[in-house]
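What's in work.json: JSON, N, CA and C atoms and all ligand atoms
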[["chain", "number", "residue", "atom", "x", "y", "z"],
["A", 14, "MET", "N", 6.16, -28.49, 38.40],
["A", 14, "MET", "CA", 5.54, -27.15, 38.51],
["A", 14, "MET", "C", 6.28, -26.13, 37.64],
["A", 15, "ASN", "N", 7.60, -26.14, 37.73],
["A", 15, "ASN", "CA", 8.43, -25.21, 36.95],
["A", 15, "ASN", "C", 8.31, -25.48, 35.46],
["A", 16, "LEU", "N", 8.21, -26.76, 35.11],
["A", 16, "LEU", "CA", 8.11, -27.15, 33.70],
["A", 16, "LEU", "C", 6.81, -26.64, 33.08],
["A", 17, "ILE", "N", 5.73, -26.74, 33.85],
["A", 17, "ILE", "CA", 4.42, -26.26, 33.37],
["A", 17, "ILE", "C", 4.45, -24.75, 33.16],
["A", 18, "ARG", "N", 5.10, -24.06, 34.07],
["A", 18, "ARG", "CA", 5.21, -22.61, 33.98],
["A", 18, "ARG", "C", 6.01, -22.22, 32.73],
["A", 19, "LEU", "N", 7.09, -22.93, 32.48],
["A", 19, "LEU", "CA", 7.94, -22.68, 31.32],
["A", 19, "LEU", "C", 7.14, -22.90, 30.03],
["A", 20, "LEU", "N", 6.37, -23.98, 30.03],
["A", 20, "LEU", "CA", 5.55, -24.32, 28.86],
["A", 20, "LEU", "C", 4.51, -23.22, 28.60],
["A", 21, "LEU", "N", 3.94, -22.74, 29.69],
["A", 21, "LEU", "CA", 2.91, -21.69, 29.61],
["A", 21, "LEU", "C", 3.51, -20.42, 29.01],
["A", 22, "ILE", "N", 4.71, -20.08, 29.44],
["A", 22, "ILE", "CA", 5.40, -18.89, 28.94],
["A", 22, "ILE", "C", 5.71, -19.05, 27.45],
["A", 23, "LEU", "N", 6.16, -20.24, 27.08],
["A", 23, "LEU", "CA", 6.47, -20.52, 25.68],
["A", 23, "LEU", "C", 5.23, -20.39, 24.79],
["A", 24, "VAL", "N", 4.12, -20.90, 25.30],
["A", 24, "VAL", "CA", 2.85, -20.82, 24.56],
["A", 24, "VAL", "C", 2.43, -19.36, 24.41],
["A", 25, "LEU", "N", 2.60, -18.61, 25.48],
["A", 25, "LEU", "CA", 2.24, -17.18, 25.48],
["A", 25, "LEU", "C", 3.08, -16.42, 24.45],
["A", 26, "ILE", "N", 4.39, -16.71, 24.44],
["A", 26, "ILE", "CA", 5.30, -16.07, 23.48],
["A", 26, "ILE", "C", 4.88, -16.43, 22.05],
["A", 27, "TRP", "N", 4.52, -17.70, 21.85],
["A", 27, "TRP", "CA", 4.10, -18.15, 20.51],
["A", 27, "TRP", "C", 2.84, -17.42, 20.04],
["A", 28, "ILE", "N", 1.89, -17.24, 20.98],
["A", 28, "ILE", "CA", 0.63, -16.56, 20.65],
["A", 28, "ILE", "C", 0.91, -15.11, 20.24],
["A", 29, "VAL", "N", 1.74, -14.43, 21.04],
["A", 29, "VAL", "CA", 2.08, -13.02, 20.76],
["A", 29, "VAL", "C", 2.82, -12.92, 19.43],
["A", 30, "TRP", "N", 3.76, -13.85, 19.21],
["A", 30, "TRP", "CA", 4.57, -13.85, 17.99],
["A", 30, "TRP", "C", 3.70, -14.05, 16.74],
["A", 31, "SER", "N", 2.77, -15.03, 16.83],
["A", 31, "SER", "CA", 1.90, -15.30, 15.69],
["A", 31, "SER", "C", 0.93, -14.15, 15.44],
["A", 32, "PHE", "N", 0.55, -13.46, 16.51],
["A", 32, "PHE", "CA", -0.34, -12.29, 16.38],
["A", 32, "PHE", "C", 0.35, -11.17, 15.62],
["A", 33, "PHE", "N", 1.61, -10.90, 15.99],
["A", 33, "PHE", "CA", 2.36, -9.84, 15.31],
["A", 33, "PHE", "C", 2.67, -10.21, 13.87],
["A", 34, "LYS", "N", 2.92, -11.50, 13.64],
["A", 34, "LYS", "CA", 3.19, -11.99, 12.29],
["A", 34, "LYS", "C", 1.97, -11.76, 11.38],
["A", 35, "ARG", "N", 0.79, -12.03, 11.94],
["A", 35, "ARG", "CA", -0.45, -11.84, 11.19],
["A", 35, "ARG", "C", -0.68, -10.36, 10.92],
["A", 36, "LYS", "N", -0.36, -9.53, 11.90],
["A", 36, "LYS", "CA", -0.52, -8.08, 11.77],
["A", 36, "LYS", "C", 0.34, -7.53, 10.64],
["A", 37, "ASN", "N", 1.59, -8.02, 10.59],
["A", 37, "ASN", "CA", 2.52, -7.59, 9.55],
["A", 37, "ASN", "C", 2.07, -8.07, 8.17],
["A", 38, "ALA", "N", 1.51, -9.27, 8.11],
["A", 38, "ALA", "CA", 1.02, -9.82, 6.85],
["A", 38, "ALA", "C", -0.12, -8.97, 6.31],
["A", 39, "ASN", "N", -0.98, -8.51, 7.19],
["A", 39, "ASN", "CA", -2.10, -7.65, 6.79],
["A", 39, "ASN", "C", -1.59, -6.30, 6.27],
["A", 40, "LYS", "N", -0.54, -5.80, 6.91],
["A", 40, "LYS", "CA", 0.04, -4.52, 6.49],
["A", 40, "LYS", "C", 0.57, -4.61, 5.06],
["A", 41, "ILE", "N", 1.23, -5.73, 4.74],
["A", 41, "ILE", "CA", 1.79, -5.94, 3.41],
["A", 41, "ILE", "C", 0.65, -6.04, 2.38],
["A", 42, "LYS", "N", -0.43, -6.72, 2.77],
["A", 42, "LYS", "CA", -1.59, -6.86, 1.87],
["A", 42, "LYS", "C", -2.25, -5.52, 1.59],
["A", 43, "ASP", "N", -2.26, -4.63, 2.60],
["A", 43, "ASP", "CA", -2.94, -3.34, 2.46],
["A", 43, "ASP", "C", -2.15, -2.34, 1.63],
["A", 44, "LYS", "N", -0.85, -2.57, 1.52],
["A", 44, "LYS", "CA", 0.00, -1.58, 0.87],
["A", 44, "LYS", "C", -0.41, -1.23, -0.57],
["A", 45, "PRO", "N", -0.72, -2.19, -1.45],
["A", 45, "PRO", "CA", -1.10, -1.81, -2.82],
["A", 45, "PRO", "C", -2.34, -0.93, -2.89],
["A", 46, "ASN", "N", -3.28, -1.14, -1.95],
["A", 46, "ASN", "CA", -4.50, -0.33, -1.94],
["A", 46, "ASN", "C", -4.21, 1.11, -1.52],
["A", 47, "VAL", "N", -3.29, 1.25, -0.57],
["A", 47, "VAL", "CA", -2.97, 2.59, -0.07],
["A", 47, "VAL", "C", -2.22, 3.39, -1.12],
["A", 48, "LYS", "N", -1.34, 2.69, -1.84],
["A", 48, "LYS", "CA", -0.48, 3.37, -2.81],
["A", 48, "LYS", "C", -1.16, 3.43, -4.18],
["A", 49, "GLN", "N", -2.35, 3.98, -4.24],
["A", 49, "GLN", "CA", -3.05, 4.10, -5.51],
["A", 49, "GLN", "C", -2.57, 5.35, -6.24],
["A", 50, "ILE", "N", -2.38, 5.21, -7.54],
["A", 50, "ILE", "CA", -1.90, 6.34, -8.34],
["A", 50, "ILE", "C", -3.08, 7.28, -8.62],
["A", 51, "PRO", "N", -2.93, 8.56, -8.28],
["A", 51, "PRO", "CA", -4.02, 9.50, -8.55],
["A", 51, "PRO", "C", -4.23, 9.71, -10.05],
["A", 52, "MET", "N", -5.49, 9.89, -10.42],
["A", 52, "MET", "CA", -5.82, 10.08, -11.84],
["A", 52, "MET", "C", -6.03, 11.57, -12.12],
["A", 53, "VAL", "N", -5.60, 11.97, -13.31],
["A", 53, "VAL", "CA", -5.81, 13.34, -13.75],
["A", 53, "VAL", "C", -6.48, 13.30, -15.13],
["A", 54, "SER", "N", -7.18, 14.38, -15.47],
["A", 54, "SER", "CA", -7.82, 14.42, -16.78],
["A", 54, "SER", "C", -7.08, 15.39, -17.69],
["A", 55, "CYS", "N", -7.00, 15.02, -18.96],
["A", 55, "CYS", "CA", -6.35, 15.85, -19.97],
["A", 55, "CYS", "C", -7.15, 17.13, -20.16],
["A", 56, "LYS", "N", -6.47, 18.27, -20.15],
["A", 56, "LYS", "CA", -7.16, 19.55, -20.27],
["A", 56, "LYS", "C", -7.72, 19.73, -21.68],
["A", 57, "TYR", "N", -7.16, 19.05, -22.65],
["A", 57, "TYR", "CA", -7.59, 19.21, -24.05],
["A", 57, "TYR", "C", -8.75, 18.29, -24.41],
["A", 58, "CYS", "N", -8.59, 16.97, -24.13],
["A", 58, "CYS", "CA", -9.63, 16.02, -24.55],
["A", 58, "CYS", "C", -10.41, 15.42, -23.38],
["A", 59, "GLY", "N", -9.97, 15.64, -22.13],
["A", 59, "GLY", "CA", -10.71, 15.17, -20.97],
["A", 59, "GLY", "C", -10.46, 13.71, -20.61],
["A", 60, "LEU", "N", -9.51, 13.09, -21.27],
["A", 60, "LEU", "CA", -9.18, 11.68, -21.01],
["A", 60, "LEU", "C", -8.53, 11.54, -19.64],
["A", 61, "HIS", "N", -8.95, 10.50, -18.88],
["A", 61, "HIS", "CA", -8.38, 10.26, -17.55],
["A", 61, "HIS", "C", -7.16, 9.36, -17.66],
["A", 62, "ILE", "N", -6.06, 9.82, -17.10],
["A", 62, "ILE", "CA", -4.79, 9.09, -17.15],
["A", 62, "ILE", "C", -4.09, 9.15, -15.79],
["A", 63, "PRO", "N", -3.30, 8.10, -15.46],
["A", 63, "PRO", "CA", -2.54, 8.17, -14.20],
["A", 63, "PRO", "C", -1.58, 9.35, -14.21],
["A", 64, "VAL", "N", -1.42, 9.97, -13.04],
["A", 64, "VAL", "CA", -0.62, 11.20, -12.94],
["A", 64, "VAL", "C", 0.83, 11.00, -13.38],
["A", 65, "ASN", "N", 1.36, 9.77, -13.20],
["A", 65, "ASN", "CA", 2.76, 9.53, -13.59],
["A", 65, "ASN", "C", 2.91, 9.35, -15.11],
["A", 66, "GLU", "N", 1.79, 9.20, -15.84],
["A", 66, "GLU", "CA", 1.85, 9.07, -17.30],
["A", 66, "GLU", "C", 1.43, 10.36, -18.00],
["A", 67, "SER", "N", 1.00, 11.33, -17.22],
["A", 67, "SER", "CA", 0.51, 12.56, -17.83],
["A", 67, "SER", "C", 1.66, 13.54, -18.08],
["A", 68, "ILE", "N", 1.39, 14.48, -18.96],
["A", 68, "ILE", "CA", 2.37, 15.52, -19.25],
["A", 68, "ILE", "C", 1.87, 16.81, -18.59],
["A", 69, "ARG", "N", 2.69, 17.35, -17.69],
["A", 69, "ARG", "CA", 2.29, 18.51, -16.90],
["A", 69, "ARG", "C", 2.88, 19.78, -17.51],
["A", 70, "VAL", "N", 1.99, 20.73, -17.82],
["A", 70, "VAL", "CA", 2.43, 22.03, -18.32],
["A", 70, "VAL", "C", 1.78, 23.08, -17.44],
["A", 71, "GLY", "N", 2.58, 23.71, -16.61],
["A", 71, "GLY", "CA", 2.06, 24.69, -15.65],
["A", 71, "GLY", "C", 1.15, 24.00, -14.66],
["A", 72, "ASN", "N", -0.12, 24.40, -14.60],
["A", 72, "ASN", "CA", -1.09, 23.78, -13.69],
["A", 72, "ASN", "C", -1.99, 22.79, -14.40],
["A", 73, "ALA", "N", -1.80, 22.58, -15.73],
["A", 73, "ALA", "CA", -2.67, 21.72, -16.51],
["A", 73, "ALA", "C", -1.99, 20.39, -16.82],
["A", 74, "ASN", "N", -2.80, 19.33, -16.88],
["A", 74, "ASN", "CA", -2.29, 18.00, -17.24],
["A", 74, "ASN", "C", -2.81, 17.60, -18.61],
["A", 75, "PHE", "N", -1.99, 16.94, -19.38],
["A", 75, "PHE", "CA", -2.36, 16.48, -20.72],
["A", 75, "PHE", "C", -2.03, 15.00, -20.89],
["A", 76, "CYS", "N", -2.76, 14.31, -21.79],
["A", 76, "CYS", "CA", -2.58, 12.88, -21.97],
["A", 76, "CYS", "C", -1.39, 12.57, -22.86],
["A", 77, "CYS", "N", -1.04, 13.48, -23.74],
["A", 77, "CYS", "CA", 0.08, 13.25, -24.65],
["A", 77, "CYS", "C", 0.75, 14.58, -25.01],
["A", 78, "LYS", "N", 1.91, 14.47, -25.64],
["A", 78, "LYS", "CA", 2.70, 15.65, -26.02],
["A", 78, "LYS", "C", 1.92, 16.55, -26.98],
["A", 79, "GLU", "N", 1.19, 15.92, -27.92],
["A", 79, "GLU", "CA", 0.44, 16.68, -28.93],
["A", 79, "GLU", "C", -0.59, 17.60, -28.26],
["A", 80, "HIS", "N", -1.32, 17.06, -27.27],
["A", 80, "HIS", "CA", -2.35, 17.84, -26.60],
["A", 80, "HIS", "C", -1.75, 18.95, -25.74],
["A", 81, "SER", "N", -0.55, 18.72, -25.20],
["A", 81, "SER", "CA", 0.08, 19.75, -24.37],
["A", 81, "SER", "C", 0.53, 20.94, -25.20],
["A", 82, "GLN", "N", 0.72, 20.70, -26.51],
["A", 82, "GLN", "CA", 1.19, 21.76, -27.39],
["A", 82, "GLN", "C", 0.05, 22.49, -28.08],
["A", 83, "LEU", "N", -1.15, 21.89, -28.06],
["A", 83, "LEU", "CA", -2.30, 22.51, -28.72],
["A", 83, "LEU", "C", -2.92, 23.61, -27.85],
["A", 101, "ZN", "ZN", -5.68, 14.63, -24.44]]
What would the structure in this file look like if it were written as structure tokens?
Amino acid sequence: MNLIRLLLILVLIWIVWSFFKRKNANKIKDKPNVKQIPMVSCKYCGLHIPVNESIRVGNANFCCKEHSQL
């Protein structure tokens, strides 16, 4: 009787553990989608570029140094 109870508890722990493991795996998969780089358009030519590649002058974004100076 005690052995069956122990086995049942072990199975229950395994189910909970595998559930949390799957939950964490889904979180890791979702991360790249959540961390999308916002796009900005160049004020001079209107080209869309990722915000980390753009050149920011005041409130305006530009695609390259040349356009930021024009
Ligand atoms: Zn431009």
Worksheet entry | Residues within 8 Å of ligand ZN 101 (chain A), counting only N, CA and C atoms and all ligand atoms, as a VMD selection string | chain A and resid 54 to 61 74 to 81
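Coordinates place atom N of Val53 in chain A at a distance of 13.8 Å from CA of Val70 in chain A.
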Worksheet item: Which value, in Å to one decimal, gives the distance between atom C of Phe33 in chain A and atom N of Arg18 in chain A?
Response: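 Value for the atom C of Phe33 in chain A-atom N of Arg18 in chain A distance: 24.6 Å.
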Practice prompt. Write out as a ChimeraX atom specification all residues of chain A that backbone DSSP assigns to strand (DSSP E or B).
Written response: /A:52-54,61-63,68-70,73-75
Those selected residues, please, written with N, CA and C atoms and delivered as an mmCIF file, in the coordinates of the input.
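And here's result.cif as it stands now:
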data_model
loop_
_atom_site.group_PDB
_atom_site.id
_atom_site.type_symbol
_atom_site.label_atom_id
_atom_site.label_comp_id
_atom_site.auth_asym_id
_atom_site.auth_seq_id
_atom_site.Cartn_x
_atom_site.Cartn_y
_atom_site.Cartn_z
ATOM 1 N N MET A 52 -5.490 9.890 -10.420
ATOM 2 C CA MET A 52 -5.820 10.080 -11.840
ATOM 3 C C MET A 52 -6.030 11.570 -12.120
ATOM 4 N N VAL A 53 -5.600 11.970 -13.310
ATOM 5 C CA VAL A 53 -5.810 13.340 -13.750
ATOM 6 C C VAL A 53 -6.480 13.300 -15.130
ATOM 7 N N SER A 54 -7.180 14.380 -15.470
ATOM 8 C CA SER A 54 -7.820 14.420 -16.780
ATOM 9 C C SER A 54 -7.080 15.390 -17.690
ATOM 10 N N HIS A 61 -8.950 10.500 -18.880
ATOM 11 C CA HIS A 61 -8.380 10.260 -17.550
ATOM 12 C C HIS A 61 -7.160 9.360 -17.660
ATOM 13 N N ILE A 62 -6.060 9.820 -17.100
ATOM 14 C CA ILE A 62 -4.790 9.090 -17.150
ATOM 15 C C ILE A 62 -4.090 9.150 -15.790
ATOM 16 N N PRO A 63 -3.300 8.100 -15.460
ATOM 17 C CA PRO A 63 -2.540 8.170 -14.200
ATOM 18 C C PRO A 63 -1.580 9.350 -14.210
ATOM 19 N N ILE A 68 1.390 14.480 -18.960
ATOM 20 C CA ILE A 68 2.370 15.520 -19.250
ATOM 21 C C ILE A 68 1.870 16.810 -18.590
ATOM 22 N N ARG A 69 2.690 17.350 -17.690
ATOM 23 C CA ARG A 69 2.290 18.510 -16.900
ATOM 24 C C ARG A 69 2.880 19.780 -17.510
ATOM 25 N N VAL A 70 1.990 20.730 -17.820
ATOM 26 C CA VAL A 70 2.430 22.030 -18.320
ATOM 27 C C VAL A 70 1.780 23.080 -17.440
ATOM 28 N N ALA A 73 -1.800 22.580 -15.730
ATOM 29 C CA ALA A 73 -2.670 21.720 -16.510
ATOM 30 C C ALA A 73 -1.990 20.390 -16.820
ATOM 31 N N ASN A 74 -2.800 19.330 -16.880
ATOM 32 C CA ASN A 74 -2.290 18.000 -17.240
ATOM 33 C C ASN A 74 -2.810 17.600 -18.610
ATOM 34 N N PHE A 75 -1.990 16.940 -19.380
ATOM 35 C CA PHE A 75 -2.360 16.480 -20.720
ATOM 36 C C PHE A 75 -2.030 15.000 -20.890
#
Worksheet entry | Point-to-point distance from atom N of Ser67 in chain A to atom C of Met52 in chain A, Å rounded to tenths | 8.7 Å
Item to complete: Check the DSSP output for the backbone and give back, as a VMD selection string, the residues of chain A in alpha helix (DSSP H).
Response: chain A and resid 15 to 47 78 to 82
Discussion item. So, with all atoms listed in the file as the atoms that count, which of A:Trp30, A:Gln82, A:Ile50, A:Ile17 lies closest to Pro63 in chain A?
Written reply: A:Ile50
